[in-house]
Amino acid sequence: MTSTGQDSTTTRQRRSRHNPHSPPHDSSVTSKRGVKKGALRHSSPSLAEVKKKGRMKKLSQAAEQDLIVGLQGLDLNLEAKTLCGTGLVFDEQLNEFHCLWDDSFPEGPERLHAIKEQLIQDGLLDRCVSFQARFAEKEELMLVHSLEYIDLMETTQYMNEGELRILADTYDSVYLHPVWIRTNSYTCACLASGSVLRLVDAVLRNEIRNGMAIVRPPGHHAQHSLMDGYCMFNHVAVAARYAQQKHNIERVLIVDWDVHHGQGTQFTFDQDPSVLYFSIHRYEQGRFWPHLKASNWSTIGFGQGQGYTINVPWNQVGMRDADYIAAFLRLLLPVALEFQPQLVLVAAGFDALQGDPKGEMATTPAGFAQLTHLLMGLAGGKLILSLEGGYNLRALAEGVSASLHTLLGDPCPILESPSAPCPSAQASLFCALEALEPFWEVLVRSAEALEEDILEEEKAEKEEERPWQPSVLPVLTWPMLQARTGLVYDPAMMGHYNLWDNHHPEMPQRVFRIMRRLEELGLAGRCLTLPTRPATDAELLTCHSAEYVGRLRATEKMKTRELHREGSNFDSIYICPSTFACAQLATGSVCRLVEAVLAREVLNGTAVVRPPGHHAERDAACGFCFFNSVAVAARHAQAISGHALRILIVDWDVHHGNGTQHIFEEDPSVLYISLHRYDHGTFFPMGDEGASSQVGQAAGTGFTVNVAWNGPRVGDADYLAAWHRLVLPIAYEFNPELVLVSAGFDAARGDPLGGCQVSPEGYAHLTHLLMGLANGRVVLILEGGYNLTSISESMAACTRSLLGDPPPLLTLSRPPLSGALASITETIQVHRRYWRSLRVMKVEDKEGPSTSELITKKVTQPANPGSAERMTTPEGNILDIDTEKGPSASSVEESTPGQAKSETAVVEFNQDQSLEATTGETTLYQTIPEAATEGTTPGQTTSEEAVGGAEVIQTSCTDNQTPPTSPVQGATPQISPSKLIENLRTLELNIEAEKAPESQIPEEEGLLGEAAGGQDVDDSVLNESCGDHADTDQVVLYAVTPLPWCPHLVAVCPIPESGLDVTQPCQDCGVLQENWVCLSCYQVYCGRYISAHMLHHHEDSGHPLVLSYVDLSTWCYNCEAYVHHQALLDVKNVAHQNKFGEDMPHSH
């Protein structure tokens, strides 16, 4: 029978992001037929002869060459010095400033006091390598921030309290401290940024392995020239640029798990492919601060940076650990492994913890320990956490402590409430994955269609899947261990050997070579060597029949011919007089190691034992195996624990563990997951036992999981894809109390039987990922593996991980094979009915708002940095409106997240009614067909986003409605600017008469937008409908007032002595149409519908505010909004005088 080899060809073409010149992957097919374990490829005549004789004295020339090539990729230089130590920066000076005019301001010094008390209580301060904080130099801050902005912040040292308060009020949710306090806001912000830079130096100079900067004020909201959300300087952004400039780091990963979106960091790098930015935050369709469209999953970066911005927006409160872990497993880790960062920086806010008044989430400190552990597998462990938010003092302190415990190498606590991600989280992840799939090869899905129908079981469990709300945070305990890793090995196990073939692949040298390599690398000396012992009959009888145990014991006294005859009664078995004793010793040694782990003598362990065991059945030896050591150890663990301990058995031996599967197939207390070559049933042990359709029986249904590879050449990328998509989601949902690994290394590169390509580095990563489970109680038990070099290096790499060393850098030479993805997908489809973590929540209208009501919001941050005067035309902002049709109230949609709170005026006038000129203080709503926002590509903005800071009302009208313009630079507009000019009408509105009463503004939304938790403001619904005006000669226009204030007004500079010339052409192209003047440098450039030179000027200079020479409106690029403020009246009046020869009629 011929099996189809696994193919790396994907269903769509992707550009190779990190190795564009790599050759196509060989997906050749090797013909196989049903053979016993140990039989080699039929395609080689010499190997066929060897197989016929049952010997392996030599390999064919072709196979030998394959082996040499495979071994060339092995990382044999593992002797490099292992870095140790966790750096900590904690400076008391950062406690010496607070908000002088609001004692209840959440970002206060008590945050660091609480953290320090917790770290002292947990004994962590003494375990860390302490570093003195330093001040960031101005040149270092300029890597991210403008010199003008830094200078302005520096001058705050010399302002009095009144001046500081006035300046702070021009920003959103910030305060400033005067110099008469010993440490003021500016110096503290410099000290906070410098603290992170100190850790960057230490980590990249190999002084320490990882580190944490416990600093304030936070930084991730700070932008190029803008304070925001308690933040002055962006610490992680500066650190990333510093690492690149000073340490020649090429790729940096920034992970932001603060509950608020780190828009400042995102905007800094959204066009930069050297920095991968990942943010997971509360969004609620834009209702949560900072209310930005750019915080949604659809924003993925711009230009060269497309695909390097990843947003996972949570659209409900109460999100749990399972939701965050799912986002890391399904999205962050796969992309990060493809990106291959050299440094990982974390904007570590802890305001998503249960009890935080701002975040209103339900994560736990144990959950953040898990997230930290998952990140420690990246960049060779070079990981730095920088404190951001967190405003429940107890939760904050425990969250910081849990992450620091993990950085120090302590095991992750078992999660209190294991579960699967909720439907809302699944929907957000589905959207983010779809948006990013074109940019990352590792995210490609199998060509086979995913199951679309929602299972009835899922519907029935809908109530159960609601966000978990614990009453209090669980109390974490951290084990006190004598040693970290236990080791069992006994040379007596080499007494089992083949009397007739001393080249049999399961040879005594296997365990000897592994132990010799562990000793050479100093790993054996770092482990606690435990005494070995034989298994007792009582232990063996938990998994094997008494008749079978007696039959094997009888072989001790058999003669050679009898032994040969007895071995031939089983499948792929040889027996010698010492076989029974060796098998008994191997199984007993594993039981001893499990005892030590459960008794906390050690945290985890490695069992270098033979003969292997996972093929052994209850009453039969099979595939070199006699007693099923893993199965017996699992039953022994349950026996000594006194209850049905939840045990996960992961079998990564290249052969299916048929014996283990059969022993536990009816037991829901043991989850068995096997990844193996199946080759449609033709690979040993053959038959359908290893098929994905085998799921267990009776109460154990769903607790047997088979990932069946149907061809050779499966490697690191394929196993890691299985880990991220299948193994770990199920494992976290199962929440084991002990993990046993049937660690066969015959899937390793160079193995003569497996034909696969897993590297030692790959095995190290698989081990590290499993160590987040079961409070770190993980035991590796040697099974197969028949290339002595491969198994020695692979077991050494796994032991390093168990000892707490970071996994080595892993270079994935290719994406997952399409055949491997098909196997993973097949297993997922089979097990979706049993495991909620595998279900996909598809969304039909992923971008659309959740309600039909219009919601207005306050915002000061950009929704799409770098956008231009979106809807401004040379003479105004009004589209032609069909006089026969008006907007329907029932079709009004939610406004774009990130739009400013402004007053709405509904104006009615006859067609022949004359309208007076406006000076730009009022812009108008645009009527938009529903289809207008469909089909946009990443980086484009829809018309609801186009108006930026103003309110937008989208209405669905009749088919003959005039379509809107395209807001995207370079896109073909559906209405040309000239058509808009023809349709322009002027309008004068008495805005004051239309303003909403103060009572309608929620009390929670004031200066402290972030501190108020971003509560929703009152919904505003239009009162007019299409039918109200269908039979009249009136037209309805919707007017929007601009922002009444803007945090960037400080960037407006004095008017030049020469004044303004509204007829001045664009300085780049010389055109006279639609020109704008920069209010910082007073250079003149054309708008977006000409050549967009003003947009380019903003991107190059960072100057935020510009004035239109057409209608004298003022636009803020950073706020994405029109602005009208007292500070702008002088420049507007000068322009008006130059344009019309008189002062503005309304200069108030």
# chains A, B, ... in the order shown; residues from 1 in each chain; ligands from 1
call {"tool": "select_by_dssp", "arguments": {"residues": "segment 444-616 of chain A", "states": "strand (DSSP E)", "output": "list in words"}}
result
Ala483, Arg484, Thr485, Gly486, Leu487, Val488, Leu528, Thr529, Val602, Leu603, Asn604, Gly605, Thr606 and Ala607 of chain A
call {"tool": "residues_around", "arguments": {"residues": "Asp619 of chain A", "least_positions_apart": "5", "cutoff": "9 Å", "atoms": "only C-alpha atoms", "output": "list in words"}}
result
Cys543, His544, Ser545, Ala546, Glu547, Tyr548 and Val549 of chain A
call {"tool": "residues_around", "arguments": {"residues": "segment 1064-1071 of chain A", "least_positions_apart": "2", "cutoff": "10 Å", "atoms": "only C-alpha atoms", "output": "list in words"}}
result
Leu1060, Asp1061, Val1062, Gln1073, Glu1074, Asn1075, Trp1076, Val1077, Gln1083, Val1084, Tyr1085, Cys1086, Gly1087, Ile1090, Ser1091, His1093, Met1094 and Tyr1109 of chain A
call {"tool": "write_last_selection", "arguments": {"atoms": "C-alpha atoms", "output": "mmCIF file, in the first residue's frame"}}
result
data_model
loop_
_atom_site.group_PDB
_atom_site.id
_atom_site.type_symbol
_atom_site.label_atom_id
_atom_site.label_comp_id
_atom_site.auth_asym_id
_atom_site.auth_seq_id
_atom_site.Cartn_x
_atom_site.Cartn_y
_atom_site.Cartn_z
ATOM 1 C CA LEU A 1060 -0.358 84.135 6.297
ATOM 2 C CA ASP A 1061 -0.943 83.995 2.573
ATOM 3 C CA VAL A 1062 -3.942 81.832 1.747
ATOM 4 C CA GLN A 1073 -5.995 73.765 -4.801
ATOM 5 C CA GLU A 1074 -6.854 72.523 -1.315
ATOM 6 C CA ASN A 1075 -3.749 73.671 0.513
ATOM 7 C CA TRP A 1076 -3.186 73.504 4.232
ATOM 8 C CA VAL A 1077 -0.801 75.318 6.535
ATOM 9 C CA GLN A 1083 4.776 75.426 5.857
ATOM 10 C CA VAL A 1084 2.089 75.021 3.186
ATOM 11 C CA TYR A 1085 1.270 71.734 1.460
ATOM 12 C CA CYS A 1086 -1.616 70.251 -0.496
ATOM 13 C CA GLY A 1087 -4.294 67.971 0.919
ATOM 14 C CA ILE A 1090 -4.296 66.425 -4.523
ATOM 15 C CA SER A 1091 -0.921 64.839 -3.729
ATOM 16 C CA HIS A 1093 1.970 66.407 0.690
ATOM 17 C CA MET A 1094 0.622 67.742 3.997
ATOM 18 C CA TYR A 1109 -6.857 77.526 3.402
#
call {"tool": "residues_around", "arguments": {"residues": "segment 577-580 of chain A", "least_positions_apart": "6", "cutoff": "8 Å", "atoms": "only C-alpha atoms", "output": "list in words"}}
result
Gly495, His496, Tyr497, Leu552, Arg553, Thr555, Glu556, Lys557, Met558 and Leu563 of chain A
call {"tool": "residues_around", "arguments": {"residues": "His636 of chain A", "least_positions_apart": "2", "cutoff": "9 Å", "atoms": "only C-alpha atoms", "output": "MDAnalysis selection string"}}
result
chainID A and resid 539 542 591 594:595 631:634 638:641
call {"tool": "atom_distance", "arguments": {"atom1": "atom CA of Val488 of chain A", "atom2": "atom CA of Ala607 of chain A"}}
result
5.0 Å
call {"tool": "closest_residue", "arguments": {"among": "A:Arg777, A:His655, A:His765, A:His260", "to": "Pro290 of chain A", "atoms": "only C-alpha atoms"}}
result
A:His260
call {"tool": "atom_distance", "arguments": {"atom1": "atom CA of Met142 of chain A", "atom2": "atom CA of Arg216 of chain A"}}
result
19.6 Å
call {"tool": "residues_around", "arguments": {"residues": "segment 1137-1143 of chain A", "least_positions_apart": "2", "cutoff": "12 Å", "atoms": "only C-alpha atoms", "output": "PyMOL selection string"}}
result
chain A and resi 917+919+1058-1064+1108-1112+1129-1135+1145-1148
call {"tool": "residues_around", "arguments": {"residues": "segment 127-137 of chain A", "least_positions_apart": "6", "cutoff": "6 Å", "atoms": "only C-alpha atoms", "output": "MDAnalysis selection string"}}
result
chainID A and resid 86:89 190:191 193:195
call {"tool": "closest_residue", "arguments": {"among": "A:Ser801, A:Ser837, A:Thr827, A:Thr265", "to": "Gln694 of chain A", "atoms": "only C-alpha atoms"}}
result
A:Thr827
